[in-house]
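Enquirer: Mind having a look at this structure? Questions to follow.
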Amino acid sequence: MNWKFQKFRAGQLNRWEFLIPPGTATETDAYLADVFGAPFLPGQSIPTGQVFPEKFILEKSNFKQALEILARIPWLTDFRLNLGKYKLDKAFSFDGFESALKDSGLLPSGWSLKLHPQAKGNSSLGREEIQTLWDEHKSSFQDGSLFTELNALCIGHEMILSLSMCGDPLFKRGRFKPLGKSAPVRENLASFLLWRLQQRLSEVDALIVPFAGSGTFVWEGAHRILSLSFPHYKRRFFFQDLLEFPQNTWEFLYSRLLRERSNDHLKIWINELERETWNYLQERKEEYSKYLIDLNSSFALDFSGENSDFFTVNSKIVWESLGEPKNIWIPVNPPYGLRIQTGSNSNFYRKLGRKLSEWKNLPANVVGFVMCPTEQSWSEILNELKKHVETIHVTHGGMDLRVLYF
């Protein structure tokens with residue numbers, strides 16, 4: 001097959017795809033309108049977008065505009081360039097595909113492709129058949145090379161191809177070694193939940209994280225408050241190796257986002273019962289503090305906490321030890337084992353509701369959320385808290401979760 005792609009230029013108008021976590025489309029649509037209405041980058045045309053349940057499409061937008069969208073929406077799952085729609089006939093094959101992509105400037109040296117086959121509706125090819133077509137192409141690569149994903153979606157007798165501009169998935173923030181045995185909420189979903197919390201209380205003095213686990217809500221909470229996003233993460237993106245990568249634009253977005261922060265000095269109190277996990281958190285907080293200082297010498301985090309049962313913690317004593325902060329976030333993601341229990345978890349969530357009511361009764365602005373795996377657990381929390389702002393539904397690990405904001 002004679003593959004040909006236009007030479008990629010940063011100023012070209014292209015079609016971009018941005019993947020989002022399930023359950024986030026409505027809020028993403030509203031926020032996208034705000035971003036379009038108040039762009040950071042001057043002198044750009046106004047793009048058009050369309051939001052679907054798990055992605056949105058950006059039309060008639062150049063590379064710089066796409067990077068701004070990436071920088072301002074940290075809950076994205078993937079960021080792709082649409083390569084086009086191709087007819088599936090007898091002549092179709094992937095022979096010469098990578099070479100053509102390299103000639104266009106869209107496959108830098110050191111990078112190879114990993115296929116993600118998809119088939120929808122009454123498609124002429126299934127996932128296995130698409131994969132077989134790719135395998136027959138016998139793409140060559142060197143050991144140790146980097147990979148980014150080529151998404152191949154078959155609909156009817158056509159295939160839509162899109163190239164991930166990320167390399168590693170976007171939920172990977174870089175730098176930190178994960179706690180292998182944990183089952184955390186993905187960073188991008190955590191970022192979305194915290195962004196919604198930020199709409200209710202933007203000026204934050206203290207971040208309280210019970211059941212901290214591997215620390216996802218600790219680090220993502222600090223990111224939200226300090227206005228950190230993809231330009232600040234210490235990781236390598238595929239798009240940074242493109243010849244047309246606009247380094248000056250990326251540096252501008254790096255600086256511009258920091259101007260949005262509400263606080264340079266943040267108090268963080270963490271709680272975790274399991275000793276091994278607690279030790280991991282202590283190591284990681286030291287590394288995280290160094291990472292922040294490297295970003296901006298004015299950043300200062302005051303970490304404290306307890307390796308104990310959260311239900312035995314005296315909220316008033318903790319609040320006083322933190323200097324009686326006026327504005328507090330409390331994101332709560334109960335331990336995985338307790339979240340997936342059925343029938344026996346009502347007492348846990350009832351106790352949790354009572355404990356959070358103690359925090360709510362402090363003379364401070366206290367907002368937060370609880371991730372609830374069942375209607376029963378959600379009801380128990382609600383009955384104890386008495387008042388709540390709203391409940392949303394999201395998907396995590398194949399589970400439908402209710403997230404109750406208080």
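For the structure tokens, the naming scheme is as follows: chains receive sequential letters (A, B, ...) according to their order of presentation, residues are indexed from 1 within each chain, and ligands are indexed from 1 in presentation order.
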Please, which residues in segment 218-277 of chain A fall within 12 Å of segment 323-332 of chain A when counting only C-alpha atoms, and what is the closest atom pair and distance in Å to one decimal for each, ordered by chain then residue number, as CSV?

Expert:
residue,atom,partner,partner_atom,distance
A:Val218,CA,A:Pro331,CA,8.9
A:Trp219,CA,A:Pro331,CA,11.8
A:Glu220,CA,A:Pro331,CA,10.6
A:Gly221,CA,A:Pro331,CA,8.5
A:Ala222,CA,A:Trp329,CA,10.6
A:Arg224,CA,A:Trp329,CA,11.2
A:Ile225,CA,A:Trp329,CA,10.1
A:Ser262,CA,A:Asn327,CA,11.8
A:Asn263,CA,A:Asn327,CA,11.5
A:His265,CA,A:Pro325,CA,11.8
A:Leu266,CA,A:Pro325,CA,10.0
A:Lys267,CA,A:Pro325,CA,8.6
A:Ile268,CA,A:Trp329,CA,9.7
A:Trp269,CA,A:Ile330,CA,9.8
A:Ile270,CA,A:Ile330,CA,10.2
A:Asn271,CA,A:Val332,CA,10.8
A:Glu272,CA,A:Val332,CA,11.9

Enquirer: Those same residues, written as a tab-separated table (two decimals), in the first residue's frame with N, CA, C and O atoms?

Expert:
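Dumped to out.tsv:
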chain	number	residue	atom	x	y	z
A	218	VAL	N	-2.75	12.74	47.66
A	218	VAL	CA	-1.80	13.70	48.26
A	218	VAL	C	-1.12	14.50	47.16
A	218	VAL	O	-1.16	15.75	47.14
A	219	TRP	N	-0.50	13.77	46.22
A	219	TRP	CA	0.28	14.46	45.18
A	219	TRP	C	-0.64	15.19	44.19
A	219	TRP	O	-0.36	16.34	43.82
A	220	GLU	N	-1.74	14.55	43.80
A	220	GLU	CA	-2.65	15.22	42.87
A	220	GLU	C	-3.34	16.41	43.53
A	220	GLU	O	-3.63	17.41	42.86
A	221	GLY	N	-3.61	16.33	44.83
A	221	GLY	CA	-4.17	17.47	45.54
A	221	GLY	C	-3.22	18.65	45.55
A	221	GLY	O	-3.60	19.80	45.30
A	222	ALA	N	-1.94	18.37	45.81
A	222	ALA	CA	-0.93	19.44	45.77
A	222	ALA	C	-0.82	20.01	44.36
A	222	ALA	O	-0.69	21.23	44.19
A	224	ARG	N	-3.15	20.28	42.10
A	224	ARG	CA	-4.30	21.16	41.83
A	224	ARG	C	-4.12	22.50	42.53
A	224	ARG	O	-4.36	23.56	41.96
A	225	ILE	N	-3.73	22.46	43.78
A	225	ILE	CA	-3.60	23.70	44.56
A	225	ILE	C	-2.46	24.57	44.04
A	225	ILE	O	-2.57	25.80	43.99
A	262	SER	N	-3.07	29.31	43.81
A	262	SER	CA	-3.66	30.11	44.89
A	262	SER	C	-2.78	30.16	46.12
A	262	SER	O	-3.02	30.97	47.02
A	263	ASN	N	-1.74	29.31	46.18
A	263	ASN	CA	-0.97	29.22	47.41
A	263	ASN	C	0.41	28.64	47.11
A	263	ASN	O	0.53	27.73	46.31
A	265	HIS	N	2.44	27.99	49.93
A	265	HIS	CA	2.73	27.28	51.18
A	265	HIS	C	1.50	26.47	51.57
A	265	HIS	O	0.43	27.02	51.80
A	266	LEU	N	1.68	25.18	51.66
A	266	LEU	CA	0.55	24.29	51.88
A	266	LEU	C	0.86	23.32	53.00
A	266	LEU	O	1.93	22.73	53.05
A	267	LYS	N	-0.08	23.16	53.90
A	267	LYS	CA	0.03	22.17	54.97
A	267	LYS	C	-0.68	20.90	54.52
A	267	LYS	O	-1.83	20.95	54.08
A	268	ILE	N	0.02	19.78	54.63
A	268	ILE	CA	-0.55	18.49	54.24
A	268	ILE	C	-0.45	17.53	55.42
A	268	ILE	O	0.64	17.30	55.96
A	269	TRP	N	-1.62	16.98	55.81
A	269	TRP	CA	-1.67	16.00	56.89
A	269	TRP	C	-2.16	14.69	56.30
A	269	TRP	O	-3.21	14.63	55.66
A	270	ILE	N	-1.38	13.62	56.47
A	270	ILE	CA	-1.74	12.33	55.89
A	270	ILE	C	-1.90	11.29	56.99
A	270	ILE	O	-1.26	11.37	58.05
A	271	ASN	N	-2.77	10.33	56.73
A	271	ASN	CA	-3.03	9.26	57.68
A	271	ASN	C	-3.03	7.91	56.95
A	271	ASN	O	-3.63	7.79	55.88
A	272	GLU	N	-2.35	6.94	57.51
A	272	GLU	CA	-2.33	5.60	56.94
A	272	GLU	C	-2.07	4.60	58.05
A	272	GLU	O	-1.17	4.79	58.88

Enquirer: Run DSSP on the backbone of this structure and report the residues of segment 145-367 of chain A it assigns to strand (DSSP E), as a PyMOL selection string.

Expert: chain A and resi 146-155+158-164+206-209+265-271+300-306+327-332+365-367

Enquirer: Just to be explicit: take each residue in the selection above, keep C-alpha atoms, and write the result as a PDB file, in the first residue's frame.

Expert:
ATOM      1  CA  LEU A 146      10.458   3.788  23.155  1.00  0.00           C
ATOM      2  CA  PHE A 147       6.884   3.109  22.127  1.00  0.00           C
ATOM      3  CA  THR A 148       3.816   5.169  21.446  1.00  0.00           C
ATOM      4  CA  GLU A 149       0.419   3.857  20.474  1.00  0.00           C
ATOM      5  CA  LEU A 150      -1.177   3.702  17.048  1.00  0.00           C
ATOM      6  CA  ASN A 151      -4.937   3.418  17.466  1.00  0.00           C
ATOM      7  CA  ALA A 152      -6.687   1.542  14.623  1.00  0.00           C
ATOM      8  CA  LEU A 153     -10.480   1.739  14.766  1.00  0.00           C
ATOM      9  CA  CYS A 154     -12.441  -0.323  12.240  1.00  0.00           C
ATOM     10  CA  ILE A 155     -15.976   0.843  11.457  1.00  0.00           C
ATOM     11  CA  GLU A 158     -13.068   1.751   6.862  1.00  0.00           C
ATOM     12  CA  MET A 159     -10.232   2.148   9.337  1.00  0.00           C
ATOM     13  CA  ILE A 160      -9.571   5.349  11.284  1.00  0.00           C
ATOM     14  CA  LEU A 161      -5.953   5.744  12.387  1.00  0.00           C
ATOM     15  CA  SER A 162      -4.748   8.063  15.141  1.00  0.00           C
ATOM     16  CA  LEU A 163      -1.306   8.469  16.666  1.00  0.00           C
ATOM     17  CA  SER A 164      -0.816   8.945  20.402  1.00  0.00           C
ATOM     18  CA  ALA A 206      -4.542  22.564  54.283  1.00  0.00           C
ATOM     19  CA  LEU A 207      -4.975  19.200  52.587  1.00  0.00           C
ATOM     20  CA  ILE A 208      -6.135  16.361  54.849  1.00  0.00           C
ATOM     21  CA  VAL A 209      -5.838  12.865  53.324  1.00  0.00           C
ATOM     22  CA  HIS A 265       2.729  27.281  51.178  1.00  0.00           C
ATOM     23  CA  LEU A 266       0.549  24.294  51.879  1.00  0.00           C
ATOM     24  CA  LYS A 267       0.032  22.174  54.971  1.00  0.00           C
ATOM     25  CA  ILE A 268      -0.546  18.489  54.239  1.00  0.00           C
ATOM     26  CA  TRP A 269      -1.666  15.995  56.887  1.00  0.00           C
ATOM     27  CA  ILE A 270      -1.737  12.325  55.893  1.00  0.00           C
ATOM     28  CA  ASN A 271      -3.032   9.255  57.684  1.00  0.00           C
ATOM     29  CA  ALA A 300       6.910  24.992  50.541  1.00  0.00           C
ATOM     30  CA  LEU A 301       4.995  21.983  51.811  1.00  0.00           C
ATOM     31  CA  ASP A 302       4.569  21.338  55.523  1.00  0.00           C
ATOM     32  CA  PHE A 303       4.003  17.576  55.846  1.00  0.00           C
ATOM     33  CA  SER A 304       2.690  15.905  58.992  1.00  0.00           C
ATOM     34  CA  GLY A 305       0.457  12.975  59.785  1.00  0.00           C
ATOM     35  CA  GLU A 306      -0.143   9.819  61.788  1.00  0.00           C
ATOM     36  CA  ASN A 327      -9.824  26.405  54.218  1.00  0.00           C
ATOM     37  CA  ILE A 328      -9.454  22.618  54.116  1.00  0.00           C
ATOM     38  CA  TRP A 329      -9.797  19.866  51.518  1.00  0.00           C
ATOM     39  CA  ILE A 330     -10.524  16.273  52.624  1.00  0.00           C
ATOM     40  CA  PRO A 331     -10.567  13.767  49.706  1.00  0.00           C
ATOM     41  CA  VAL A 332     -11.447  10.285  50.968  1.00  0.00           C
ATOM     42  CA  ASN A 365     -14.371  25.881  55.601  1.00  0.00           C
ATOM     43  CA  VAL A 366     -14.120  22.116  55.167  1.00  0.00           C
ATOM     44  CA  VAL A 367     -15.012  20.500  51.824  1.00  0.00           C
TER      45      VAL A 367
END

Enquirer: Please identify all polymer residues within 12 Å of Arg256 of chain A, counting only C-alpha atoms, omitting same-chain residues fewer than 5 positions from it, and present them as a list in words.

Expert: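 My list of contacting residues is Pro39, Phe40, Leu41, Glu68, Ala71, Arg72, Ser227, Leu228, Ser229, Pro231, His232, Thr249, Trp250, Glu251 and Arg261 of chain A.
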
Enquirer: Neighbouring residues of Trp195 of chain A were defined as those with any atom within 9 Å, considering only C-alpha atoms; residues of the same chain fewer than 3 positions away were excluded. Please report them as a tab-separated table (two decimals) with C-alpha atoms, in the first residue's frame.

Expert:
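So out-v6.tsv came out as:
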chain	number	residue	atom	x	y	z
A	75	TRP	CA	-7.39	14.56	33.72
A	190	ALA	CA	-8.09	11.77	40.94
A	191	SER	CA	-7.17	15.05	39.25
A	192	PHE	CA	-10.68	15.40	37.86
A	198	GLN	CA	-11.56	23.27	43.53
A	199	GLN	CA	-14.67	24.76	41.93
A	221	GLY	CA	-4.17	17.47	45.54
A	224	ARG	CA	-4.30	21.16	41.83

Enquirer: Choose the residue, out of A:Ala33, A:Leu356, A:Leu362, A:Ala212, that has the smallest atom-to-atom separation from Leu281 of chain A; count only C-alpha atoms.

Expert: A:Ala212

Enquirer: Restricting the calculation to only C-alpha atoms: of A:Leu253, A:Leu258, A:Leu76, A:Val394, which residue gets closest to Leu170 of chain A?

Expert: A:Leu76

Enquirer: Please return as a PyMOL selection string: the residues of segment 239-336 of chain A that backbone DSSP assigns to helix (DSSP H, G or I).

Expert: chain A and resi 239-241+247-258+275-295+310-312+315-321+336

Enquirer: Could you state the separation of atom CA of Thr77 of chain A and atom CA of Met165 of chain A in Å, given to one decimal place?

Expert: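 Atom CA of Met165 of chain A lies 11.4 Å from atom CA of Thr77 of chain A.
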
Enquirer: Counting only C-alpha atoms, which residue out of A:Leu401, A:Ile46, A:Ala66, A:Val204 sits closest to Cys372 of chain A?

Expert: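 Nearest to Cys372 of chain A: A:Leu401.
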
Enquirer: So, counting only C-alpha atoms, which residue among A:Leu19, A:Lys4, A:Ala91, A:Lys351 is closest to Leu58 of chain A?

Expert: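 Closest candidate: A:Leu19.
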
Enquirer: If we count only C-alpha atoms and set the cut-off at 8 Å, which residues sit around segment 23-26 of chain A, ignoring sequence neighbours fewer than 4 positions away in its own chain? Please answer as a list in words.

Expert: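 Residues near the query, excluding close chain neighbours: Ala30, Val51, Phe52, Pro53, Glu54, Lys55, Phe192, His393, Val394 and Thr395 of chain A.
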